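Source file: query_4.cif (mmCIF, C-alpha atoms)
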```cif
data_target
loop_
_atom_site.label_atom_id
_atom_site.label_comp_id
_atom_site.auth_asym_id
_atom_site.auth_seq_id
_atom_site.Cartn_x
_atom_site.Cartn_y
_atom_site.Cartn_z
CA MET A 1416 -60.43 43.47 -176.14
CA ALA A 1417 -58.72 46.59 -177.46
CA LYS A 1418 -61.45 48.73 -175.92
CA ARG A 1419 -60.88 47.28 -172.45
CA SER A 1420 -59.25 49.69 -170.02
CA GLY A 1421 -55.55 48.94 -169.50
CA CYS A 1422 -55.33 46.65 -172.52
CA GLN A 1423 -52.80 47.22 -175.29
CA ILE A 1424 -52.30 45.34 -178.53
CA LEU A 1425 -48.87 45.61 -180.13
CA SER A 1426 -47.66 44.26 -183.43
CA ILE A 1427 -44.11 43.78 -184.63
CA LYS A 1428 -42.72 43.95 -188.15
CA LEU A 1429 -39.26 42.85 -189.15
CA SER A 1430 -36.87 44.10 -191.80
CA ASP A 1431 -33.29 42.92 -192.13
CA ARG A 1432 -30.57 42.81 -194.73
CA PHE A 1433 -32.51 40.11 -196.58
CA GLY A 1434 -35.65 42.21 -196.96
CA ASP A 1435 -38.93 43.15 -195.37
CA HIS A 1436 -40.57 40.22 -193.58
CA GLY A 1437 -43.71 42.21 -192.74
CA LEU A 1438 -45.85 41.50 -189.72
CA VAL A 1439 -44.21 38.72 -187.70
CA GLY A 1440 -45.79 38.96 -184.27
CA VAL A 1441 -48.33 40.34 -181.86
CA ALA A 1442 -48.49 40.86 -178.11
CA ILE A 1443 -51.54 41.65 -176.00
CA ILE A 1444 -50.97 43.00 -172.52
CA GLN A 1445 -53.31 43.95 -169.71
CA ASP A 1446 -52.47 46.26 -166.78
CA GLU A 1447 -53.99 45.17 -163.48
CA SER A 1448 -52.96 47.24 -160.46
CA GLU A 1449 -49.17 46.77 -160.05
CA THR A 1450 -48.94 44.01 -162.64
CA CYS A 1451 -48.77 43.97 -166.41
CA GLU A 1452 -49.97 40.61 -167.65
CA ILE A 1453 -48.90 39.23 -171.01
CA ASP A 1454 -52.14 37.78 -172.31
CA THR A 1455 -50.80 36.83 -175.74
CA PHE A 1456 -47.28 36.65 -177.18
CA LEU A 1457 -47.18 35.25 -180.70
CA LEU A 1458 -44.36 35.18 -183.24
CA SER A 1459 -44.01 33.68 -186.67
CA CYS A 1460 -41.87 30.57 -186.72
CA ARG A 1461 -39.83 32.35 -189.44
CA VAL A 1462 -38.28 34.68 -186.85
CA ILE A 1463 -38.18 32.68 -183.61
CA GLY A 1464 -34.61 32.38 -182.41
CA ARG A 1465 -33.45 35.57 -184.14
CA SER A 1466 -33.79 37.64 -180.92
CA VAL A 1467 -36.93 39.41 -182.12
CA GLU A 1468 -38.73 37.79 -179.20
CA THR A 1469 -36.23 39.31 -176.76
CA ALA A 1470 -36.59 42.77 -178.30
CA LEU A 1471 -40.39 42.62 -178.06
CA LEU A 1472 -40.28 41.33 -174.46
CA SER A 1473 -37.79 44.09 -173.56
CA HIS A 1474 -40.15 46.69 -174.98
CA LEU A 1475 -43.08 45.24 -173.02
CA ALA A 1476 -41.05 45.26 -169.78
CA GLU A 1477 -39.72 48.79 -170.29
CA THR A 1478 -43.09 50.30 -171.12
CA ALA A 1479 -44.82 48.46 -168.25
CA ALA A 1480 -42.23 49.85 -165.83
CA SER A 1481 -42.72 53.34 -167.27
CA ARG A 1482 -46.44 53.01 -166.52
CA GLY A 1483 -45.60 52.24 -162.89
CA ARG A 1484 -46.08 48.47 -162.99
CA GLN A 1485 -43.90 46.48 -160.63
CA ARG A 1486 -44.27 43.05 -162.24
CA LEU A 1487 -44.64 41.54 -165.67
CA THR A 1488 -46.40 38.16 -165.70
CA GLY A 1489 -47.01 35.62 -168.39
CA ARG A 1490 -48.56 32.20 -168.79
CA PHE A 1491 -47.22 29.30 -170.76
CA ILE A 1492 -49.82 26.77 -171.86
CA PRO A 1493 -48.06 23.90 -173.63
CA THR A 1494 -49.37 22.70 -176.97
CA ARG A 1495 -47.90 20.55 -179.73
CA LYS A 1496 -46.92 23.64 -181.72
CA ASN A 1497 -45.32 25.84 -179.06
CA ALA A 1498 -42.69 23.47 -177.65
CA PRO A 1499 -39.85 25.79 -178.81
CA ALA A 1500 -41.20 28.47 -176.43
CA ARG A 1501 -41.27 26.19 -173.36
CA ASP A 1502 -38.25 27.86 -171.71
CA PHE A 1503 -38.91 31.37 -173.04
CA TYR A 1504 -39.77 33.02 -169.73
CA ALA A 1505 -37.02 31.24 -167.76
CA GLN A 1506 -34.42 32.24 -170.38
CA HIS A 1507 -35.39 35.89 -169.91
CA GLY A 1508 -35.11 35.98 -166.12
CA PHE A 1509 -38.72 35.28 -165.15
CA GLN A 1510 -39.37 33.27 -161.99
CA LEU A 1511 -41.82 30.39 -161.90
CA LEU A 1512 -44.81 31.46 -159.80
CA GLU A 1513 -47.17 28.54 -160.27
CA GLU A 1514 -47.42 25.32 -162.20
CA ASN A 1515 -50.58 23.29 -162.67
CA GLY A 1516 -52.13 20.87 -165.13
CA ASP A 1517 -52.91 23.69 -167.57
CA GLY A 1518 -49.41 25.15 -167.71
CA SER A 1519 -47.30 27.60 -165.76
CA ILE A 1520 -47.36 31.22 -164.62
CA TRP A 1521 -44.15 33.25 -164.64
CA THR A 1522 -43.29 36.63 -163.09
CA PHE A 1523 -40.59 39.23 -163.69
CA ASP A 1524 -39.69 41.92 -161.14
CA LEU A 1525 -39.61 45.18 -163.10
CA GLN A 1526 -38.13 47.15 -160.20
CA ARG A 1527 -35.02 44.97 -159.89
CA ASN A 1528 -34.48 43.66 -163.40
CA THR A 1529 -34.43 44.71 -167.03
CA ILE A 1530 -34.40 42.80 -170.29
CA ALA A 1531 -31.83 44.15 -172.71
CA ILE A 1532 -32.55 44.52 -176.40
CA PRO A 1533 -29.85 42.60 -178.28
CA GLU A 1534 -27.25 45.06 -179.55
CA TRP A 1535 -27.76 44.03 -183.19
CA ILE A 1536 -31.44 44.97 -183.14
CA ARG A 1537 -32.75 48.48 -183.75
CA LEU A 1538 -36.24 48.81 -182.36
CA LYS A 1539 -38.46 51.45 -183.92
CA THR A 1540 -41.66 52.31 -182.10
CA GLY A 1541 -44.36 54.84 -182.79
CA LYS A 1542 -42.42 57.08 -180.42
CA GLY A 1543 -39.08 56.87 -182.19
CA GLU A 1544 -36.12 54.59 -182.53
CA ARG A 1545 -34.00 53.02 -179.85
CA ALA A 1546 -31.05 50.73 -180.06
#
```
Can the structure in the file be given as structure tokens, please?
Amino acid sequence: MAKRSGCQILSIKLSDRFGDHGLVGVAIIQDESETCEIDTFLLSCRVIGRSVETALLSHLAETAASRGRQRLTGRFIPTRKNAPARDFYAQHGFQLLEENGDGSIWTFDLQRNTIAIPEWIRLKTGKGERA
């Protein structure tokens, strides 16, 4: 998958005042024409709800826009274990595009909207640090 053109695999580590939590998540994205599709967005249950998910989604949106993508899309396929993420896309300003028996597809307009990194999070990327 990593060798596929337009595909990126990102990992996220977390450190806070309580210590280093190590690797806590991964995202896989795929650029297709004007769209960046979130193929996979996984986080450890240890950090869900601590705004790490918003910081990672913000980074995905910002970098997709910088690559000239106009939309960010993601699928939600409900399972017994991911119920806490059911409203994730809606809570971050995505619009419901389609719903079927397998789940739902959500879209975010990168030209009109942004997703802010929570002010208490400092995001460090391979290209430097941003608040």
Exactly which residues make up the result of the PyMOL selection byres ((chain A and resi 1502) around 12) on this file, given as a PDB file with C-alpha atoms, keeping the file's coordinate frame?
```pdb
ATOM      1  CA  ARG A1490     -48.560  32.200-168.790  1.00  0.00           C
ATOM      2  CA  PHE A1491     -47.220  29.300-170.760  1.00  0.00           C
ATOM      3  CA  ILE A1492     -49.820  26.770-171.860  1.00  0.00           C
ATOM      4  CA  PRO A1493     -48.060  23.900-173.630  1.00  0.00           C
ATOM      5  CA  ASN A1497     -45.320  25.840-179.060  1.00  0.00           C
ATOM      6  CA  ALA A1498     -42.690  23.470-177.650  1.00  0.00           C
ATOM      7  CA  PRO A1499     -39.850  25.790-178.810  1.00  0.00           C
ATOM      8  CA  ALA A1500     -41.200  28.470-176.430  1.00  0.00           C
ATOM      9  CA  ARG A1501     -41.270  26.190-173.360  1.00  0.00           C
ATOM     10  CA  PHE A1503     -38.910  31.370-173.040  1.00  0.00           C
ATOM     11  CA  TYR A1504     -39.770  33.020-169.730  1.00  0.00           C
ATOM     12  CA  ALA A1505     -37.020  31.240-167.760  1.00  0.00           C
ATOM     13  CA  GLN A1506     -34.420  32.240-170.380  1.00  0.00           C
ATOM     14  CA  HIS A1507     -35.390  35.890-169.910  1.00  0.00           C
ATOM     15  CA  GLY A1508     -35.110  35.980-166.120  1.00  0.00           C
ATOM     16  CA  PHE A1509     -38.720  35.280-165.150  1.00  0.00           C
ATOM     17  CA  GLN A1510     -39.370  33.270-161.990  1.00  0.00           C
ATOM     18  CA  LEU A1511     -41.820  30.390-161.900  1.00  0.00           C
ATOM     19  CA  SER A1519     -47.300  27.600-165.760  1.00  0.00           C
ATOM     20  CA  TRP A1521     -44.150  33.250-164.640  1.00  0.00           C
TER      21      TRP A1521
END
```
Legend entry - Coordinates-based distance that separates CA of Gly1483 (chain A) from CA of Lys1418 (chain A) (Å, one decimal):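 CA of Gly1483 (chain A) lies 20.8 Å from CA of Lys1418 (chain A).
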Inset, instruction - For the file shown, report as an NGL selection string the outcome of the PyMOL selection byres ((chain A and resi 1446) around 9) at residue level. - result: :A and (1420-1423 or 1444-1445 or 1447-1453 or 1479 or 1484)
Write the residues of the preceding selection, restricted to C-alpha atoms, as a PDB file, keeping the file's coordinate frame.
```pdb
ATOM      1  CA  SER A1420     -59.250  49.690-170.020  1.00  0.00           C
ATOM      2  CA  GLY A1421     -55.550  48.940-169.500  1.00  0.00           C
ATOM      3  CA  CYS A1422     -55.330  46.650-172.520  1.00  0.00           C
ATOM      4  CA  GLN A1423     -52.800  47.220-175.290  1.00  0.00           C
ATOM      5  CA  ILE A1444     -50.970  43.000-172.520  1.00  0.00           C
ATOM      6  CA  GLN A1445     -53.310  43.950-169.710  1.00  0.00           C
ATOM      7  CA  GLU A1447     -53.990  45.170-163.480  1.00  0.00           C
ATOM      8  CA  SER A1448     -52.960  47.240-160.460  1.00  0.00           C
ATOM      9  CA  GLU A1449     -49.170  46.770-160.050  1.00  0.00           C
ATOM     10  CA  THR A1450     -48.940  44.010-162.640  1.00  0.00           C
ATOM     11  CA  CYS A1451     -48.770  43.970-166.410  1.00  0.00           C
ATOM     12  CA  GLU A1452     -49.970  40.610-167.650  1.00  0.00           C
ATOM     13  CA  ILE A1453     -48.900  39.230-171.010  1.00  0.00           C
ATOM     14  CA  ALA A1479     -44.820  48.460-168.250  1.00  0.00           C
ATOM     15  CA  ARG A1484     -46.080  48.470-162.990  1.00  0.00           C
TER      16      ARG A1484
END
```
Please define a box with edges along x, y and z of the file around all atoms of region 1503-1521 of chain A given in the file, extend it by 5 Å on each side, and return its centre and edge lengths in Å to one decimal, as AutoDock Vina command-line options.
```
--center_x -43.7 --center_y 28.4 --center_z -166.4 --size_x 28.5 --size_y 25.1 --size_z 23.2
```
Inset, instruction - Go through A:Glu1468, A:Glu1513, A:Asp1454, A:Glu1477 one by one, measure the shortest atom-to-atom distance of each to Ile1427 (chain A) using all atoms listed in the file, and give the residue with the smallest value. - result: A:Glu1468
Inset, instruction - For CA of Glu1534 (chain A) and CA of Val1467 (chain A), quote the distance in Å rounded to one decimal. - result: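 According to the coordinates, CA of Glu1534 (chain A) and CA of Val1467 (chain A) are separated by 11.5 Å.
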Inset, instruction - Check which residues satisfy the PyMOL selection byres ((chain A and resi 1430-1433) around 12) in the file shown, then give them as a list in words. - result: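 That expression, the PyMOL selection byres ((chain A and resi 1430-1433) around 12), corresponds here to Ile1427, Lys1428, Leu1429, Gly1434, Asp1435, His1436, Gly1437, Leu1438, Val1439, Val1462, Arg1465, Val1467, Trp1535, Ile1536, Arg1537, Leu1538 and Lys1539 of chain A.
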Please produce a file of the residues just selected, as an mmCIF file, in the coordinates of the input, where the atoms kept are C-alpha atoms.
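This is the output file result04.cif:
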```
data_model
loop_
_atom_site.group_PDB
_atom_site.id
_atom_site.type_symbol
_atom_site.label_atom_id
_atom_site.label_comp_id
_atom_site.auth_asym_id
_atom_site.auth_seq_id
_atom_site.Cartn_x
_atom_site.Cartn_y
_atom_site.Cartn_z
ATOM 1 C CA ILE A 1427 -44.110 43.780 -184.630
ATOM 2 C CA LYS A 1428 -42.720 43.950 -188.150
ATOM 3 C CA LEU A 1429 -39.260 42.850 -189.150
ATOM 4 C CA GLY A 1434 -35.650 42.210 -196.960
ATOM 5 C CA ASP A 1435 -38.930 43.150 -195.370
ATOM 6 C CA HIS A 1436 -40.570 40.220 -193.580
ATOM 7 C CA GLY A 1437 -43.710 42.210 -192.740
ATOM 8 C CA LEU A 1438 -45.850 41.500 -189.720
ATOM 9 C CA VAL A 1439 -44.210 38.720 -187.700
ATOM 10 C CA VAL A 1462 -38.280 34.680 -186.850
ATOM 11 C CA ARG A 1465 -33.450 35.570 -184.140
ATOM 12 C CA VAL A 1467 -36.930 39.410 -182.120
ATOM 13 C CA TRP A 1535 -27.760 44.030 -183.190
ATOM 14 C CA ILE A 1536 -31.440 44.970 -183.140
ATOM 15 C CA ARG A 1537 -32.750 48.480 -183.750
ATOM 16 C CA LEU A 1538 -36.240 48.810 -182.360
ATOM 17 C CA LYS A 1539 -38.460 51.450 -183.920
#
```
